[in-house]
file final.pdb (PDB, C-alpha atoms and all ligand atoms)
ATOM      1  CA  MET A   1     -23.040   8.361 -96.525
ATOM      2  CA  PRO A   2     -20.304   5.796 -96.318
ATOM      3  CA  SER A   3     -20.925   2.981 -98.824
ATOM      4  CA  VAL A   4     -23.403   0.206 -97.995
ATOM      5  CA  PHE A   5     -20.454  -2.151 -97.516
ATOM      6  CA  SER A   6     -19.030  -0.010 -94.730
ATOM      7  CA  HIS A   7     -22.386   0.233 -92.958
ATOM      8  CA  ALA A   8     -22.672  -3.570 -93.113
ATOM      9  CA  ILE A   9     -19.124  -4.066 -91.851
ATOM     10  CA  ALA A  10     -19.762  -1.749 -88.896
ATOM     11  CA  ALA A  11     -22.861  -3.758 -87.952
ATOM     12  CA  VAL A  12     -20.968  -7.061 -88.083
ATOM     13  CA  ALA A  13     -18.293  -5.560 -85.822
ATOM     14  CA  ILE A  14     -20.982  -4.623 -83.298
ATOM     15  CA  GLY A  15     -22.349  -8.164 -83.648
ATOM     16  CA  GLY A  16     -18.913  -9.593 -82.898
ATOM     17  CA  VAL A  17     -19.030  -7.862 -79.514
ATOM     18  CA  THR A  18     -22.692  -8.350 -78.603
ATOM     19  CA  ILE A  19     -23.894 -11.565 -80.273
ATOM     20  CA  GLY A  20     -22.593 -15.122 -80.049
ATOM     21  CA  GLY A  21     -24.072 -18.590 -80.179
ATOM     22  CA  ARG A  22     -24.886 -20.990 -82.976
ATOM     23  CA  SER A  23     -27.048 -18.583 -84.963
ATOM     24  CA  ARG A  24     -24.553 -15.712 -84.756
ATOM     25  CA  ALA A  25     -23.762 -15.616 -88.504
ATOM     26  CA  THR A  26     -27.467 -15.293 -89.356
ATOM     27  CA  LEU A  27     -27.914 -12.591 -86.721
ATOM     28  CA  TRP A  28     -24.854 -10.664 -87.890
ATOM     29  CA  ALA A  29     -26.238 -10.777 -91.446
ATOM     30  CA  LEU A  30     -29.584  -9.436 -90.186
ATOM     31  CA  GLY A  31     -27.723  -6.694 -88.327
ATOM     32  CA  ALA A  32     -25.891  -5.805 -91.543
ATOM     33  CA  ILE A  33     -29.228  -5.503 -93.347
ATOM     34  CA  CYS A  34     -30.552  -3.281 -90.517
ATOM     35  CA  ALA A  35     -27.522  -1.033 -91.003
ATOM     36  CA  ILE A  36     -28.208  -0.696 -94.738
ATOM     37  CA  VAL A  37     -31.981  -0.148 -94.528
ATOM     38  CA  PRO A  38     -31.821   3.595 -93.568
ATOM     39  CA  ASP A  39     -30.414   4.483 -96.997
ATOM     40  CA  LEU A  40     -33.526   3.152 -98.710
ATOM     41  CA  ASP A  41     -34.724   6.691 -98.041
ATOM     42  CA  VAL A  42     -32.982   7.751-101.255
ATOM     43  CA  VAL A  43     -36.266   6.804-102.961
ATOM     44  CA  SER A  44     -37.510  10.116-101.534
ATOM     45  CA  PHE A  45     -35.517  11.871-104.281
ATOM     46  CA  PHE A  46     -37.593  10.103-106.913
ATOM     47  CA  PHE A  47     -40.765  11.332-105.215
ATOM     48  CA  GLY A  48     -39.458  14.883-105.314
ATOM     49  CA  LEU A  49     -38.985  15.279-101.554
ATOM     50  CA  PRO A  50     -36.236  17.747-100.671
ATOM     51  CA  TYR A  51     -33.104  16.415 -98.961
ATOM     52  CA  GLY A  52     -33.905  18.411 -95.824
ATOM     53  CA  HIS A  53     -37.468  17.055 -95.463
ATOM     54  CA  MET A  54     -38.220  14.896 -92.409
ATOM     55  CA  LEU A  55     -38.802  11.960 -94.782
ATOM     56  CA  GLY A  56     -35.904  12.977 -97.035
ATOM     57  CA  HIS A  57     -32.408  11.516 -97.122
ATOM     58  CA  ARG A  58     -30.824  11.253 -93.649
ATOM     59  CA  GLY A  59     -34.198  12.110 -92.122
ATOM     60  CA  LEU A  60     -36.537   9.836 -90.160
ATOM     61  CA  SER A  61     -34.961   6.573 -91.358
ATOM     62  CA  HIS A  62     -31.630   7.674 -89.850
ATOM     63  CA  SER A  63     -33.118   8.582 -86.463
ATOM     64  CA  LEU A  64     -32.704   6.841 -83.126
ATOM     65  CA  PHE A  65     -36.482   6.388 -83.059
ATOM     66  CA  PHE A  66     -36.403   4.448 -86.330
ATOM     67  CA  ALA A  67     -33.503   2.332 -85.044
ATOM     68  CA  ALA A  68     -35.474   1.477 -81.904
ATOM     69  CA  VAL A  69     -38.593   0.479 -83.860
ATOM     70  CA  LEU A  70     -36.718  -1.536 -86.495
ATOM     71  CA  ALA A  71     -34.767  -3.318 -83.738
ATOM     72  CA  TRP A  72     -38.038  -4.163 -81.990
ATOM     73  CA  VAL A  73     -39.575  -5.607 -85.187
ATOM     74  CA  VAL A  74     -36.505  -7.653 -86.130
ATOM     75  CA  THR A  75     -36.112  -8.912 -82.561
ATOM     76  CA  ALA A  76     -39.729 -10.089 -82.518
ATOM     77  CA  ILE A  77     -39.226 -11.961 -85.809
ATOM     78  CA  VAL A  78     -35.954 -13.534 -84.685
ATOM     79  CA  ARG A  79     -37.382 -14.693 -81.346
ATOM     80  CA  ARG A  80     -40.210 -16.366 -83.222
ATOM     81  CA  LYS A  81     -38.094 -17.987 -85.949
ATOM     82  CA  LEU A  82     -34.919 -18.785 -83.991
ATOM     83  CA  PRO A  83     -35.944 -19.997 -80.522
ATOM     84  CA  ALA A  84     -32.316 -20.726 -79.565
ATOM     85  CA  SER A  85     -31.268 -17.125 -80.224
ATOM     86  CA  PRO A  86     -29.907 -14.784 -77.526
ATOM     87  CA  SER A  87     -32.290 -13.011 -75.153
ATOM     88  CA  ALA A  88     -34.729 -10.464 -76.563
ATOM     89  CA  MET A  89     -32.941  -7.633 -74.755
ATOM     90  CA  ARG A  90     -29.561  -8.601 -76.169
ATOM     91  CA  LEU A  91     -31.012  -8.934 -79.665
ATOM     92  CA  TRP A  92     -32.759  -5.553 -79.424
ATOM     93  CA  VAL A  93     -29.569  -3.836 -78.261
ATOM     94  CA  PHE A  94     -27.624  -5.366 -81.143
ATOM     95  CA  PHE A  95     -30.155  -4.476 -83.833
ATOM     96  CA  PHE A  96     -30.586  -1.001 -82.355
ATOM     97  CA  LEU A  97     -26.840  -0.329 -82.317
ATOM     98  CA  ALA A  98     -26.434  -1.812 -85.817
ATOM     99  CA  THR A  99     -29.156   0.441 -87.231
ATOM    100  CA  ALA A 100     -28.135   3.533 -85.244
ATOM    101  CA  SER A 101     -24.498   3.085 -86.308
ATOM    102  CA  HIS A 102     -25.626   4.093 -89.786
ATOM    103  CA  GLY A 103     -26.607   7.579 -88.705
ATOM    104  CA  PHE A 104     -23.482   8.014 -86.623
ATOM    105  CA  LEU A 105     -21.226   7.058 -89.532
ATOM    106  CA  ASP A 106     -23.160   9.395 -91.819
ATOM    107  CA  SER A 107     -22.697  12.196 -89.299
ATOM    108  CA  MET A 108     -18.939  11.657 -89.554
ATOM    109  CA  THR A 109     -18.879  12.307 -93.310
ATOM    110  CA  ASN A 110     -17.734  15.542 -94.903
ATOM    111  CA  GLY A 111     -20.694  16.061 -97.230
ATOM    112  CA  GLY A 112     -24.445  16.307 -97.613
ATOM    113  CA  LEU A 113     -26.793  17.414 -94.863
ATOM    114  CA  GLY A 114     -26.569  16.238 -91.278
ATOM    115  CA  VAL A 115     -28.584  13.444 -89.682
ATOM    116  CA  ALA A 116     -31.999  13.952 -88.069
ATOM    117  CA  PHE A 117     -31.153  11.857 -85.004
ATOM    118  CA  PHE A 118     -34.242  13.006 -83.103
ATOM    119  CA  ALA A 119     -36.863  12.686 -85.868
ATOM    120  CA  PRO A 120     -39.850  12.516 -85.794
ATOM    121  CA  PHE A 121     -39.680  14.910 -82.817
ATOM    122  CA  SER A 122     -37.186  17.275 -84.437
ATOM    123  CA  ASN A 123     -35.861  17.663 -87.968
ATOM    124  CA  ILE A 124     -32.660  19.406 -86.897
ATOM    125  CA  ARG A 125     -29.761  17.844 -88.776
ATOM    126  CA  TYR A 126     -26.573  16.991 -86.910
ATOM    127  CA  PHE A 127     -22.979  16.276 -87.782
ATOM    128  CA  LEU A 128     -20.366  15.170 -85.285
ATOM    129  CA  ARG A 129     -17.608  17.701 -84.727
ATOM    130  CA  TRP A 130     -15.160  15.149 -86.108
ATOM    131  CA  ARG A 131     -15.919  14.288 -89.731
ATOM    132  CA  PRO A 132     -12.990  12.382 -91.217
ATOM    133  CA  ILE A 133     -14.975  10.125 -93.613
ATOM    134  CA  VAL A 134     -15.106  11.235 -97.249
ATOM    135  CA  VAL A 135     -18.769  11.211 -98.268
ATOM    136  CA  SER A 136     -19.748   8.433-100.650
ATOM    137  CA  PRO A 137     -21.591   9.239-103.900
ATOM    138  CA  ILE A 138     -25.242   8.129-103.954
ATOM    139  CA  SER A 139     -24.901   6.896-107.542
ATOM    140  CA  VAL A 140     -22.901   3.727-108.264
ATOM    141  CA  TYR A 141     -21.234   5.589-111.124
ATOM    142  CA  GLY A 142     -19.698   7.940-108.589
ATOM    143  CA  PHE A 143     -17.419   5.128-107.456
ATOM    144  CA  VAL A 144     -15.710   4.943-110.812
ATOM    145  CA  GLY A 145     -12.343   6.642-111.073
ATOM    146  CA  ARG A 146     -10.277   8.718-108.677
ATOM    147  CA  ARG A 147     -13.167   9.843-106.481
ATOM    148  CA  GLY A 148     -14.204   6.236-105.879
ATOM    149  CA  LEU A 149     -10.666   5.370-104.803
ATOM    150  CA  ILE A 150     -10.536   8.301-102.391
ATOM    151  CA  VAL A 151     -13.870   7.239-100.847
ATOM    152  CA  MET A 152     -12.826   3.604-100.478
ATOM    153  CA  TRP A 153      -9.449   4.543 -99.021
ATOM    154  CA  SER A 154     -11.142   6.799 -96.495
ATOM    155  CA  GLU A 155     -13.627   4.090 -95.490
ATOM    156  CA  LEU A 156     -10.893   1.462 -95.193
ATOM    157  CA  GLY A 157      -9.074   3.639 -92.697
ATOM    158  CA  TRP A 158     -11.973   5.110 -90.740
ATOM    159  CA  VAL A 159     -14.519   2.247 -90.829
ATOM    160  CA  TRP A 160     -13.102  -1.110 -91.948
ATOM    161  CA  LEU A 161      -9.924  -1.054 -89.870
ATOM    162  CA  PRO A 162     -11.618   0.019 -86.593
ATOM    163  CA  ALA A 163     -14.452  -2.434 -87.329
ATOM    164  CA  ALA A 164     -11.984  -5.306 -87.778
ATOM    165  CA  LEU A 165     -10.290  -4.425 -84.488
ATOM    166  CA  ILE A 166     -13.629  -4.234 -82.648
ATOM    167  CA  PHE A 167     -14.737  -7.551 -84.188
ATOM    168  CA  LEU A 168     -11.521  -9.308 -83.168
ATOM    169  CA  ALA A 169     -11.741  -7.826 -79.675
ATOM    170  CA  GLY A 170     -15.290  -9.165 -79.448
ATOM    171  CA  LEU A 171     -14.156 -12.657 -80.462
ATOM    172  CA  ALA A 172     -11.331 -12.580 -77.921
ATOM    173  CA  LEU A 173     -13.742 -11.421 -75.222
ATOM    174  CA  ARG A 174     -16.211 -14.137 -76.135
ATOM    175  CA  ARG A 175     -13.601 -16.881 -75.816
ATOM    176  CA  SER A 176     -12.834 -15.743 -72.302
ATOM    177  CA  THR A 177     -16.533 -15.719 -71.231
ATOM    178  CA  PRO A 178     -17.935 -19.253 -71.598
ATOM    179  CA  ARG A 179     -21.066 -18.277 -69.662
ATOM    180  CA  GLU A 180     -22.487 -16.803 -72.862
ATOM    181  CA  ALA A 181     -23.188 -20.299 -74.200
ATOM    182  CA  VAL A 182     -25.667 -20.714 -71.365
ATOM    183  CA  GLU A 183     -27.316 -17.356 -72.051
ATOM    184  CA  THR A 184     -27.667 -17.851 -75.803
ATOM    185  CA  ASN A 185     -29.474 -21.135 -75.186
ATOM    186  CA  GLY A 186     -31.900 -19.310 -72.965
ATOM    187  CA  GLY A 187     -30.592 -21.214 -69.989
ATOM    188  CA  ARG A 188     -31.554 -24.559 -71.535
ATOM    189  CA  SER A 189     -29.098 -27.401 -71.799
ATOM    190  CA  SER A 190     -28.788 -29.171 -75.130
TER     191      SER A 190
HETATM  192 ZN    ZN B 201     -27.296   7.150 -94.782
END
call {"tool": "encode", "arguments": {"input": "final.pdb", "output": "structure tokens"}}
result
Amino acid sequence: MPSVFSHAIAAVAIGGVTIGGRSRATLWALGAICAIVPDLDVVSFFFGLPYGHMLGHRGLSHSLFFAAVLAWVVTAIVRRKLPASPSAMRLWVFFFLATASHGFLDSMTNGGLGVAFFAPFSNIRYFLRWRPIVVSPISVYGFVGRRGLIVMWSELGWVWLPAALIFLAGLALRRSTPREAVETNGGRSS
């Protein structure tokens, strides 16, 4: 996996393109959490589940199905708690992409097993053909020393820099489309 920071940064970049309005910072933060959640599956190691198990690391929690369900749950909560938030469809797309981005970034790493994108229907693990990201150690101690520097350097180049460019492009796009203010208020005037 890339580090949790890189997963969060990728989600915020997606938020910069898809989500605006007054509650955007809160929504971006929620998207960042969605992008980190899949790696909670590392608890499977403590329960003795093998890496390649459907519920193991990079299994069900990294699937498109999981991303769709988590996005649905978070969207429902946001619509209830933040009435002035963007439309449910826009929120779902954002939270889905934020969560799914985790698996795609993992599938671009050069270590571990692939990602079970189609779990629970299939446990086949996939990598992308292009895997430039140096895999991050699961343990925090793995970041200490030369290996940690190599991982961070790799993520800066392959995740943080593209994410910053996407985020800035999203902001520029948003400034040129004032109609979004109407949409994010659900069509209501304030
Ligand atoms: Zn992961």
call {"tool": "resolve_selection", "arguments": {"input": "final.pdb", "expression": "the PyMOL selection byres (((not hetatm)) within 12 of (chain B and resi 201))", "output": "NGL selection string"}}
result
:A and (1-8 or 34-42 or 51 or 56-63 or 99-109 or 111-117 or 135-138)
call {"tool": "resolve_selection", "arguments": {"input": "final.pdb", "expression": "the PyMOL selection byres (((chain A and resi 30) around 10) and not hetatm)", "output": "PDB file with C-alpha atoms, keeping the file's coordinate frame"}}
result
ATOM      1  CA  ALA A   8     -22.672  -3.570 -93.113  1.00  0.00           C
ATOM      2  CA  ALA A  11     -22.861  -3.758 -87.952  1.00  0.00           C
ATOM      3  CA  VAL A  12     -20.968  -7.061 -88.083  1.00  0.00           C
ATOM      4  CA  GLY A  15     -22.349  -8.164 -83.648  1.00  0.00           C
ATOM      5  CA  ARG A  24     -24.553 -15.712 -84.756  1.00  0.00           C
ATOM      6  CA  ALA A  25     -23.762 -15.616 -88.504  1.00  0.00           C
ATOM      7  CA  THR A  26     -27.467 -15.293 -89.356  1.00  0.00           C
ATOM      8  CA  LEU A  27     -27.914 -12.591 -86.721  1.00  0.00           C
ATOM      9  CA  TRP A  28     -24.854 -10.664 -87.890  1.00  0.00           C
ATOM     10  CA  ALA A  29     -26.238 -10.777 -91.446  1.00  0.00           C
ATOM     11  CA  GLY A  31     -27.723  -6.694 -88.327  1.00  0.00           C
ATOM     12  CA  ALA A  32     -25.891  -5.805 -91.543  1.00  0.00           C
ATOM     13  CA  ILE A  33     -29.228  -5.503 -93.347  1.00  0.00           C
ATOM     14  CA  CYS A  34     -30.552  -3.281 -90.517  1.00  0.00           C
ATOM     15  CA  ALA A  35     -27.522  -1.033 -91.003  1.00  0.00           C
ATOM     16  CA  ILE A  36     -28.208  -0.696 -94.738  1.00  0.00           C
ATOM     17  CA  VAL A  74     -36.505  -7.653 -86.130  1.00  0.00           C
ATOM     18  CA  VAL A  78     -35.954 -13.534 -84.685  1.00  0.00           C
ATOM     19  CA  PHE A  95     -30.155  -4.476 -83.833  1.00  0.00           C
ATOM     20  CA  ALA A  98     -26.434  -1.812 -85.817  1.00  0.00           C
TER      21      ALA A  98
END
call {"tool": "residues_around", "arguments": {"input": "final.pdb", "residues": "Phe167 of chain A", "least_positions_apart": "6", "cutoff": "7 Å", "atoms": "all atoms listed in the file", "output": "ChimeraX atom specification"}}
result
/A:13-14,16-17
call {"tool": "write_last_selection", "arguments": {"input": "final.pdb", "atoms": "C-alpha atoms", "output": "PDB file, in the frame of the given file"}}
result
ATOM      1  CA  ALA A  13     -18.293  -5.560 -85.822  1.00  0.00           C
ATOM      2  CA  ILE A  14     -20.982  -4.623 -83.298  1.00  0.00           C
ATOM      3  CA  GLY A  16     -18.913  -9.593 -82.898  1.00  0.00           C
ATOM      4  CA  VAL A  17     -19.030  -7.862 -79.514  1.00  0.00           C
TER       5      VAL A  17
END
call {"tool": "atom_distance", "arguments": {"input": "final.pdb", "atom1": "atom CA of Ala119 of chain A", "atom2": "atom CA of Phe66 of chain A"}}
result
8.3 Å
call {"tool": "atom_distance", "arguments": {"input": "final.pdb", "atom1": "atom CA of Asn110 of chain A", "atom2": "atom CA of Met54 of chain A"}}
result
20.6 Å
call {"tool": "atom_distance", "arguments": {"input": "final.pdb", "atom1": "atom CA of Ala67 of chain A", "atom2": "atom CA of Phe96 of chain A"}}
result
5.2 Å
call {"tool": "closest_residue", "arguments": {"input": "final.pdb", "among": "A:Leu168, A:Leu161, A:Leu156, A:Ile19", "to": "Pro86 of chain A", "atoms": "all atoms listed in the file"}}
result
A:Ile19
call {"tool": "closest_residue", "arguments": {"input": "final.pdb", "among": "A:Arg147, A:Pro162, A:Arg174, A:Gly21", "to": "Ala84 of chain A", "atoms": "only C-alpha atoms"}}
result
A:Gly21
call {"tool": "closest_residue", "arguments": {"input": "final.pdb", "among": "A:Ser122, A:Arg79, A:Trp160, A:Val69", "to": "Leu55 of chain A", "atoms": "all atoms listed in the file"}}
result
A:Ser122
call {"tool": "axis_aligned_box", "arguments": {"input": "final.pdb", "around": "segment 95-112 of chain A", "padding_each_side": "6 Å", "output": "AutoDock Vina command-line options"}}
result
--center_x -24.2 --center_y 5.9 --center_z -90.0 --size_x 24.9 --size_y 32.8 --size_z 27.3
call {"tool": "closest_residue", "arguments": {"input": "final.pdb", "among": "A:Trp92, A:Leu171, A:Arg131, A:Ser85", "to": "Ala71 of chain A", "atoms": "only C-alpha atoms"}}
result
A:Trp92
